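Student: If it helps, the file is called coords_15.csv and holds CSV, C-alpha atoms and all ligand atoms:
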```csv
chain,number,residue,atom,x,y,z
Y,22,MET,CA,93.0,75.0,93.7
Y,23,ALA,CA,93.8,78.5,94.7
Y,24,THR,CA,96.4,80.4,92.6
Y,25,TYR,CA,98.8,80.7,95.5
Y,26,THR,CA,99.6,78.5,98.5
Y,27,PHE,CA,100.8,80.7,101.4
Y,28,PHE,CA,102.8,79.1,104.3
Y,29,THR,CA,102.6,81.4,107.3
Y,30,ASN,CA,102.5,81.7,111.0
Y,31,PRO,CA,100.5,84.4,112.9
Y,32,ARG,CA,102.5,87.2,114.5
Y,33,SER,CA,105.5,86.6,112.2
Y,34,ARG,CA,106.9,88.1,109.0
Y,35,GLY,CA,104.1,86.2,107.3
Y,36,LEU,CA,102.0,89.3,107.9
Y,37,ILE,CA,104.1,91.1,105.4
Y,38,ALA,CA,103.2,88.7,102.6
Y,39,SER,CA,99.6,88.5,103.8
Y,40,TRP,CA,99.4,92.3,103.4
Y,41,ALA,CA,100.9,92.1,99.9
Y,42,LEU,CA,98.4,89.3,98.9
Y,43,HIS,CA,95.5,91.4,100.2
Y,44,GLU,CA,96.8,94.5,98.3
Y,45,VAL,CA,96.8,92.7,95.0
Y,46,GLY,CA,93.5,90.9,95.6
Y,47,ALA,CA,95.2,87.5,95.1
Y,48,ASP,CA,93.4,84.2,95.3
Y,49,PHE,CA,95.3,82.2,98.0
Y,50,ALA,CA,95.1,79.3,100.4
Y,51,VAL,CA,96.7,79.6,103.8
Y,52,VAL,CA,98.8,76.7,105.3
Y,53,PRO,CA,99.5,77.5,109.0
Y,54,VAL,CA,103.0,76.4,110.0
Y,55,GLY,CA,103.8,75.1,113.5
Y,56,TRP,CA,107.4,75.8,114.4
Y,57,GLY,CA,107.9,72.3,115.8
Y,58,ASP,CA,106.0,70.5,113.1
Y,59,LYS,CA,106.7,72.0,109.8
Y,60,PRO,CA,104.7,70.7,106.8
Y,61,ALA,CA,106.7,68.5,104.4
Y,62,ALA,CA,105.4,70.7,101.5
Y,63,LEU,CA,107.0,73.8,103.1
Y,64,LEU,CA,110.3,72.0,103.6
Y,65,ALA,CA,110.2,70.8,100.0
Y,66,ALA,CA,109.5,74.3,98.8
Y,67,ASN,CA,111.9,76.1,101.1
Y,68,PRO,CA,114.7,74.0,102.8
Y,69,LEU,CA,115.1,76.8,105.4
Y,70,GLY,CA,111.5,76.1,106.5
Y,71,LYS,CA,110.9,79.8,106.9
Y,72,VAL,CA,107.7,81.7,106.6
Y,73,PRO,CA,106.5,83.5,104.6
Y,74,THR,CA,106.9,81.1,101.7
Y,75,LEU,CA,104.6,81.3,98.7
Y,76,VAL,CA,104.0,78.8,96.0
Y,77,HIS,CA,102.5,80.2,92.8
Y,78,HIS,CA,100.6,77.5,90.9
Y,79,ALA,CA,101.2,79.1,87.5
Y,80,ALA,CA,99.8,77.5,84.3
Y,81,GLU,CA,103.2,76.1,83.3
Y,82,GLY,CA,104.1,74.8,86.8
Y,83,ASP,CA,104.7,75.8,90.4
Y,84,ARG,CA,107.0,78.7,91.3
Y,85,VAL,CA,108.4,79.1,94.8
Y,86,VAL,CA,109.1,82.5,96.2
Y,87,SER,CA,110.5,83.0,99.7
Y,88,GLU,CA,111.9,86.1,101.3
Y,89,ALA,CA,109.2,88.6,102.3
Y,90,ALA,CA,110.6,91.4,100.2
Y,91,ALA,CA,110.8,89.1,97.1
Y,92,ILE,CA,107.2,88.0,97.7
Y,93,CYS,CA,106.1,91.6,97.8
Y,94,THR,CA,107.8,92.5,94.5
Y,95,TYR,CA,106.8,89.3,92.8
Y,96,LEU,CA,103.1,89.9,93.6
Y,97,ALA,CA,103.3,93.5,92.4
Y,98,GLU,CA,104.7,92.2,89.1
Y,99,GLN,CA,102.2,89.4,88.8
Y,100,HIS,CA,99.3,91.8,89.4
Y,101,PRO,CA,100.2,95.0,87.7
Y,102,GLU,CA,96.5,96.0,87.7
Y,103,ALA,CA,96.8,96.6,91.4
Y,104,GLY,CA,98.9,99.7,90.6
Y,105,LEU,CA,101.7,99.0,93.1
Y,106,LEU,CA,104.6,98.9,90.7
Y,107,PRO,CA,106.7,102.0,90.2
Y,108,THR,CA,106.6,104.2,87.2
Y,109,PRO,CA,110.0,104.6,85.5
Y,110,ALA,CA,110.4,107.9,87.4
Y,111,GLU,CA,109.6,106.2,90.7
Y,112,SER,CA,111.8,103.1,90.0
Y,113,GLY,CA,114.9,104.5,91.7
Y,114,HIS,CA,113.2,105.2,95.0
Y,115,TYR,CA,111.2,102.0,94.8
Y,116,HIS,CA,114.2,99.7,94.5
Y,117,ARG,CA,116.4,101.8,96.7
Y,118,TRP,CA,114.0,101.7,99.7
Y,119,LEU,CA,112.9,98.1,99.2
Y,120,PHE,CA,116.5,97.0,99.3
Y,121,PHE,CA,117.4,99.4,102.1
Y,122,ALA,CA,114.6,98.0,104.2
Y,123,ALA,CA,115.6,94.3,103.5
Y,124,GLY,CA,119.3,94.9,103.9
Y,125,PRO,CA,120.7,97.8,106.1
Y,126,LEU,CA,117.5,98.5,108.0
Y,127,GLU,CA,116.9,94.8,108.9
Y,128,GLN,CA,120.6,94.4,109.9
Y,129,ALA,CA,120.5,97.5,112.0
Y,130,LEU,CA,117.4,96.5,113.8
Y,131,MET,CA,118.6,92.9,114.3
Y,132,ALA,CA,121.9,94.1,115.7
Y,133,ARG,CA,120.1,96.4,118.1
Y,134,MET,CA,117.7,93.7,119.2
Y,135,LEU,CA,120.4,91.1,119.8
Y,136,GLY,CA,122.7,93.6,121.4
Y,137,TRP,CA,125.4,93.2,118.8
Y,138,GLU,CA,127.8,96.1,119.1
Y,139,LEU,CA,129.5,97.2,115.9
Y,140,PRO,CA,133.0,98.6,116.7
Y,141,ALA,CA,133.3,102.2,115.2
Y,142,GLU,CA,136.3,101.1,113.1
Y,143,ARG,CA,134.1,98.5,111.3
Y,144,GLU,CA,131.3,100.9,110.2
Y,145,GLY,CA,132.9,101.1,106.8
Y,146,THR,CA,132.6,97.3,106.4
Y,147,ALA,CA,129.0,96.9,107.7
Y,148,GLY,CA,126.4,97.6,105.1
Y,149,PHE,CA,124.2,99.6,107.4
Y,150,GLY,CA,127.2,101.8,108.6
Y,151,SER,CA,125.7,102.3,112.0
Y,152,PHE,CA,122.2,102.3,113.6
Y,153,ASP,CA,122.2,106.0,113.9
Y,154,ARG,CA,123.2,106.6,110.2
Y,155,THR,CA,120.5,104.1,109.1
Y,156,VAL,CA,117.8,105.9,111.1
Y,157,ALA,CA,119.0,109.3,109.9
Y,158,ALA,CA,118.8,108.3,106.3
Y,159,LEU,CA,115.2,107.1,106.8
Y,160,ASP,CA,114.2,110.1,108.7
Y,161,ALA,CA,115.5,112.4,106.0
Y,162,HIS,CA,113.6,110.6,103.3
Y,163,LEU,CA,110.3,110.2,105.2
Y,164,SER,CA,110.4,113.8,106.5
Y,165,ALA,CA,110.4,115.0,102.9
Y,166,ASN,CA,108.2,112.3,101.3
Y,167,ALA,CA,104.8,110.7,102.3
Y,168,TYR,CA,105.8,107.3,100.9
Y,169,ALA,CA,108.9,105.5,99.7
Y,170,CYS,CA,108.4,106.7,96.1
Y,171,GLY,CA,107.2,110.2,97.0
Y,172,ASP,CA,103.5,111.0,97.1
Y,173,ARG,CA,102.1,107.6,96.1
Y,174,PHE,CA,101.8,104.3,97.9
Y,175,THR,CA,103.6,101.4,96.2
Y,176,MET,CA,104.5,97.8,97.1
Y,177,ALA,CA,107.8,99.2,98.5
Y,178,ASP,CA,105.7,100.7,101.4
Y,179,VAL,CA,104.3,97.3,102.4
Y,180,TYR,CA,107.8,96.0,103.1
Y,181,LEU,CA,109.2,99.2,104.5
Y,182,THR,CA,106.2,99.8,106.9
Y,183,SER,CA,106.5,96.2,108.1
Y,184,GLN,CA,110.2,96.8,109.1
Y,185,PHE,CA,109.1,99.9,110.8
Y,186,ASP,CA,106.4,98.1,112.7
Y,187,TRP,CA,108.9,95.6,114.0
Y,188,GLY,CA,111.3,98.4,115.0
Y,189,LEU,CA,108.6,100.6,116.6
Y,190,ASN,CA,106.8,97.7,118.4
Y,191,LEU,CA,110.0,96.5,120.0
Y,192,LYS,CA,111.1,100.0,120.8
Y,193,LEU,CA,114.2,99.6,118.7
Y,194,LEU,CA,113.4,102.6,116.5
Y,195,PRO,CA,113.1,106.1,117.9
Y,196,ARG,CA,109.5,107.4,117.7
Y,197,HIS,CA,110.3,110.2,115.3
Y,198,ASP,CA,107.2,112.1,114.0
Y,199,ALA,CA,108.0,111.2,110.4
Y,200,PHE,CA,108.1,107.5,111.3
Y,201,LEU,CA,104.9,107.5,113.2
Y,202,ALA,CA,103.1,109.5,110.5
Y,203,TYR,CA,104.3,107.2,107.8
Y,204,ALA,CA,103.3,104.1,109.7
Y,205,GLU,CA,99.8,105.6,110.4
Y,206,ARG,CA,99.3,106.5,106.7
Y,207,CYS,CA,100.2,103.0,105.6
Y,208,HIS,CA,98.2,101.2,108.3
Y,209,ALA,CA,95.1,103.1,107.1
Y,210,ARG,CA,95.1,100.9,103.9
Y,211,SER,CA,92.1,98.5,103.9
Y,212,ALA,CA,94.4,95.7,102.7
Y,213,TYR,CA,96.6,96.1,105.8
Y,214,GLN,CA,93.5,96.1,108.1
Y,215,ALA,CA,92.3,92.9,106.3
Y,216,ALA,CA,95.7,91.2,106.6
Y,217,LEU,CA,95.9,92.1,110.3
Y,218,ALA,CA,92.4,90.8,111.0
Y,219,ALA,CA,93.3,87.6,109.2
Y,220,ASP,CA,96.5,87.2,111.2
Y,221,ARG,CA,94.6,87.6,114.4
Y,222,GLU,CA,92.0,85.1,113.4
Y,223,LEU,CA,94.7,82.7,112.4
Y,224,TYR,CA,96.3,83.1,115.8
Y,225,ARG,CA,93.0,82.6,117.5
Y,226,SER,CA,92.0,79.5,115.5
Y,227,THR,CA,95.4,77.7,115.4
Y,228,ARG,CA,97.1,78.8,118.6
Y,229,VAL,CA,100.3,78.1,116.6
Y,230,GLU,CA,103.2,79.0,118.9
Y,231,ALA,CA,104.6,82.3,117.7
G,301,LIG,N1,114.7,86.5,105.4
G,301,LIG,C1,113.4,85.9,105.6
G,301,LIG,C2,113.3,85.6,107.1
G,301,LIG,C3,112.0,84.8,107.4
G,301,LIG,C4,112.0,84.4,108.9
G,301,LIG,O1,113.0,84.4,109.6
G,301,LIG,N2,110.8,84.0,109.3
G,301,LIG,C5,110.7,83.5,110.7
G,301,LIG,C6,109.4,84.0,111.3
G,301,LIG,S1,109.4,85.7,111.5
G,301,LIG,C7,110.6,81.9,110.7
G,301,LIG,O2,110.1,81.4,109.7
G,301,LIG,N3,111.1,81.3,111.7
G,301,LIG,C8,111.0,79.9,111.9
G,301,LIG,C9,112.3,79.1,111.7
G,301,LIG,O3,113.3,79.7,111.3
G,301,LIG,O4,112.3,77.9,112.0
G,301,LIG,C10,112.3,86.8,105.1
G,301,LIG,O5,112.6,88.1,105.1
G,301,LIG,O6,111.2,86.4,104.7
```
With the file now loaded, output its structure as structure tokens.
Tutor:
Amino acid sequence: MATYTFFTNPRSRGLIASWALHEVGADFAVVPVGWGDKPAALLAANPLGKVPTLVHHAAEGDRVVSEAAAICTYLAEQHPEAGLLPTPAESGHYHRWLFFAAGPLEQALMARMLGWELPAEREGTAGFGSFDRTVAALDAHLSANAYACGDRFTMADVYLTSQFDWGLNLKLLPRHDAFLAYAERCHARSAYQAALAADRELYRSTRVEA
């Protein structure tokens, strides 16, 4: 049995976890998930039935990890030899931008995509403040830093880039130079290219409805 069972669907957030799995060189088996016919093993592992969901077949028993950001950080910790964990000096940036991407950035993009208007007087309540403030914070950081943690790629970049891809592909995010250059740098990773090729092949071979 492979070390990990990976429930995914092509052209979904599953690509984020696939990239992370490729970055750490994990031994994993893919279970394609059809939206209308979810495997019982997925629903047993994750009652939400969401992908990506990962089951780690550890020596002492199975461990389930869902949430793309959690899967990224879990894999970086399980495979420290991949060098994608932060040093103590990078740890602030690492956690800050990972949580920023999974919280405020995702909320801001989702609100924009679904046309949810946040009344100006509720900006103090909403965690992302406003779409423009979220974008400005990212722009400031990525105009001054090549990666989330400064000058070195870490697992935080797998997740942050993936949110960028969603925002840029759907034309939700402005095409700022810093965003495009960041995405291009991260997309040059061989693990990203391998995950993308695997996602396309999965789409071709399963035709699972995306
Ligand atoms: N918060 C989850 C969201 C996962 C999610 O919404 N995945 C979508 C695909 S991109 C899904 O599984 N949709 C199928 C469904 O909800 O039935 C994460 O970040 O991993």
Student: Find the distance between atom CA of Ala165 of chain Y and atom CA of Thr182 of chain Y and write it in Å to one decimal.
Tutor: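 Answer for the atom CA of Ala165 of chain Y to atom CA of Thr182 of chain Y separation: 16.3 Å.
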Student: Of the residues Y:Met131, Y:Leu139, Y:Ala89, Y:Ala47, which is the one nearest to Ser33 of chain Y, using all atoms listed in the file?
Tutor: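 Counting all atoms listed in the file, the residue closest to Ser33 of chain Y is Y:Ala89.
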Student: How many Å lie between atom CA of Glu138 of chain Y and atom CA of Ser183 of chain Y, rounded to one decimal?
Tutor: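 One can read the atom CA of Glu138 of chain Y to atom CA of Ser183 of chain Y distance as 24.0 Å.
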Student: Rank Y:Ala23, Y:Leu223, Y:Ala167, Y:Ala79 by their smallest atom-to-atom distance to Glu205 of chain Y, using all atoms listed in the file, and report the top residue only.
Tutor: Y:Ala167
Student: Work out how far atom CA of Arg32 of chain Y is from atom CA of Glu44 of chain Y, in Å to one decimal.
Tutor: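 About the pair atom CA of Glu44 of chain Y and atom CA of Arg32 of chain Y: they are 18.7 Å apart.
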Student: If we count only C-alpha atoms and set the cut-off at 6 Å, which residues sit around segment 25-29 of chain Y, ignoring sequence neighbours fewer than 5 positions away in its own chain? Please answer as an NGL selection string.
Tutor: :Y and (35 or 49-54 or 72-78)
Student: Please, which residues have at least one atom within 12 Å of an atom of ligand LIG 301 (chain G), using only C-alpha atoms and all ligand atoms, listed as an MDAnalysis selection string?
Tutor: chainID Y and resid 28:39 53:60 63:64 67:75 86:93 119:120 122:124 126:128 131 180:181 183:184 187 229:231
Student: How would the residues just picked look written out with C-alpha atoms as an mmCIF file, in the coordinates of the input?
Tutor:
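Here's the written file part00.cif:
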```cif
data_model
loop_
_atom_site.group_PDB
_atom_site.id
_atom_site.type_symbol
_atom_site.label_atom_id
_atom_site.label_comp_id
_atom_site.auth_asym_id
_atom_site.auth_seq_id
_atom_site.Cartn_x
_atom_site.Cartn_y
_atom_site.Cartn_z
ATOM 1 C CA PHE Y 28 102.800 79.100 104.300
ATOM 2 C CA THR Y 29 102.600 81.400 107.300
ATOM 3 C CA ASN Y 30 102.500 81.700 111.000
ATOM 4 C CA PRO Y 31 100.500 84.400 112.900
ATOM 5 C CA ARG Y 32 102.500 87.200 114.500
ATOM 6 C CA SER Y 33 105.500 86.600 112.200
ATOM 7 C CA ARG Y 34 106.900 88.100 109.000
ATOM 8 C CA GLY Y 35 104.100 86.200 107.300
ATOM 9 C CA LEU Y 36 102.000 89.300 107.900
ATOM 10 C CA ILE Y 37 104.100 91.100 105.400
ATOM 11 C CA ALA Y 38 103.200 88.700 102.600
ATOM 12 C CA SER Y 39 99.600 88.500 103.800
ATOM 13 C CA PRO Y 53 99.500 77.500 109.000
ATOM 14 C CA VAL Y 54 103.000 76.400 110.000
ATOM 15 C CA GLY Y 55 103.800 75.100 113.500
ATOM 16 C CA TRP Y 56 107.400 75.800 114.400
ATOM 17 C CA GLY Y 57 107.900 72.300 115.800
ATOM 18 C CA ASP Y 58 106.000 70.500 113.100
ATOM 19 C CA LYS Y 59 106.700 72.000 109.800
ATOM 20 C CA PRO Y 60 104.700 70.700 106.800
ATOM 21 C CA LEU Y 63 107.000 73.800 103.100
ATOM 22 C CA LEU Y 64 110.300 72.000 103.600
ATOM 23 C CA ASN Y 67 111.900 76.100 101.100
ATOM 24 C CA PRO Y 68 114.700 74.000 102.800
ATOM 25 C CA LEU Y 69 115.100 76.800 105.400
ATOM 26 C CA GLY Y 70 111.500 76.100 106.500
ATOM 27 C CA LYS Y 71 110.900 79.800 106.900
ATOM 28 C CA VAL Y 72 107.700 81.700 106.600
ATOM 29 C CA PRO Y 73 106.500 83.500 104.600
ATOM 30 C CA THR Y 74 106.900 81.100 101.700
ATOM 31 C CA LEU Y 75 104.600 81.300 98.700
ATOM 32 C CA VAL Y 86 109.100 82.500 96.200
ATOM 33 C CA SER Y 87 110.500 83.000 99.700
ATOM 34 C CA GLU Y 88 111.900 86.100 101.300
ATOM 35 C CA ALA Y 89 109.200 88.600 102.300
ATOM 36 C CA ALA Y 90 110.600 91.400 100.200
ATOM 37 C CA ALA Y 91 110.800 89.100 97.100
ATOM 38 C CA ILE Y 92 107.200 88.000 97.700
ATOM 39 C CA CYS Y 93 106.100 91.600 97.800
ATOM 40 C CA LEU Y 119 112.900 98.100 99.200
ATOM 41 C CA PHE Y 120 116.500 97.000 99.300
ATOM 42 C CA ALA Y 122 114.600 98.000 104.200
ATOM 43 C CA ALA Y 123 115.600 94.300 103.500
ATOM 44 C CA GLY Y 124 119.300 94.900 103.900
ATOM 45 C CA LEU Y 126 117.500 98.500 108.000
ATOM 46 C CA GLU Y 127 116.900 94.800 108.900
ATOM 47 C CA GLN Y 128 120.600 94.400 109.900
ATOM 48 C CA MET Y 131 118.600 92.900 114.300
ATOM 49 C CA TYR Y 180 107.800 96.000 103.100
ATOM 50 C CA LEU Y 181 109.200 99.200 104.500
ATOM 51 C CA SER Y 183 106.500 96.200 108.100
ATOM 52 C CA GLN Y 184 110.200 96.800 109.100
ATOM 53 C CA TRP Y 187 108.900 95.600 114.000
ATOM 54 C CA VAL Y 229 100.300 78.100 116.600
ATOM 55 C CA GLU Y 230 103.200 79.000 118.900
ATOM 56 C CA ALA Y 231 104.600 82.300 117.700
#
```
Student: Which residues are near segment 109-114 of chain Y? Cut-off 9 Å, only C-alpha atoms, ignore same chain within fewer than 4 positions. Put them as a ChimeraX atom specification.
Tutor: /Y:118-119,169-171,177
Student: Counting all atoms listed in the file, which residue out of Y:Leu96, Y:Leu217, Y:Leu191, Y:Ala132 sits closest to Gly46 of chain Y?
Tutor: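 Result for the nearest residue to Gly46 of chain Y: Y:Leu96.
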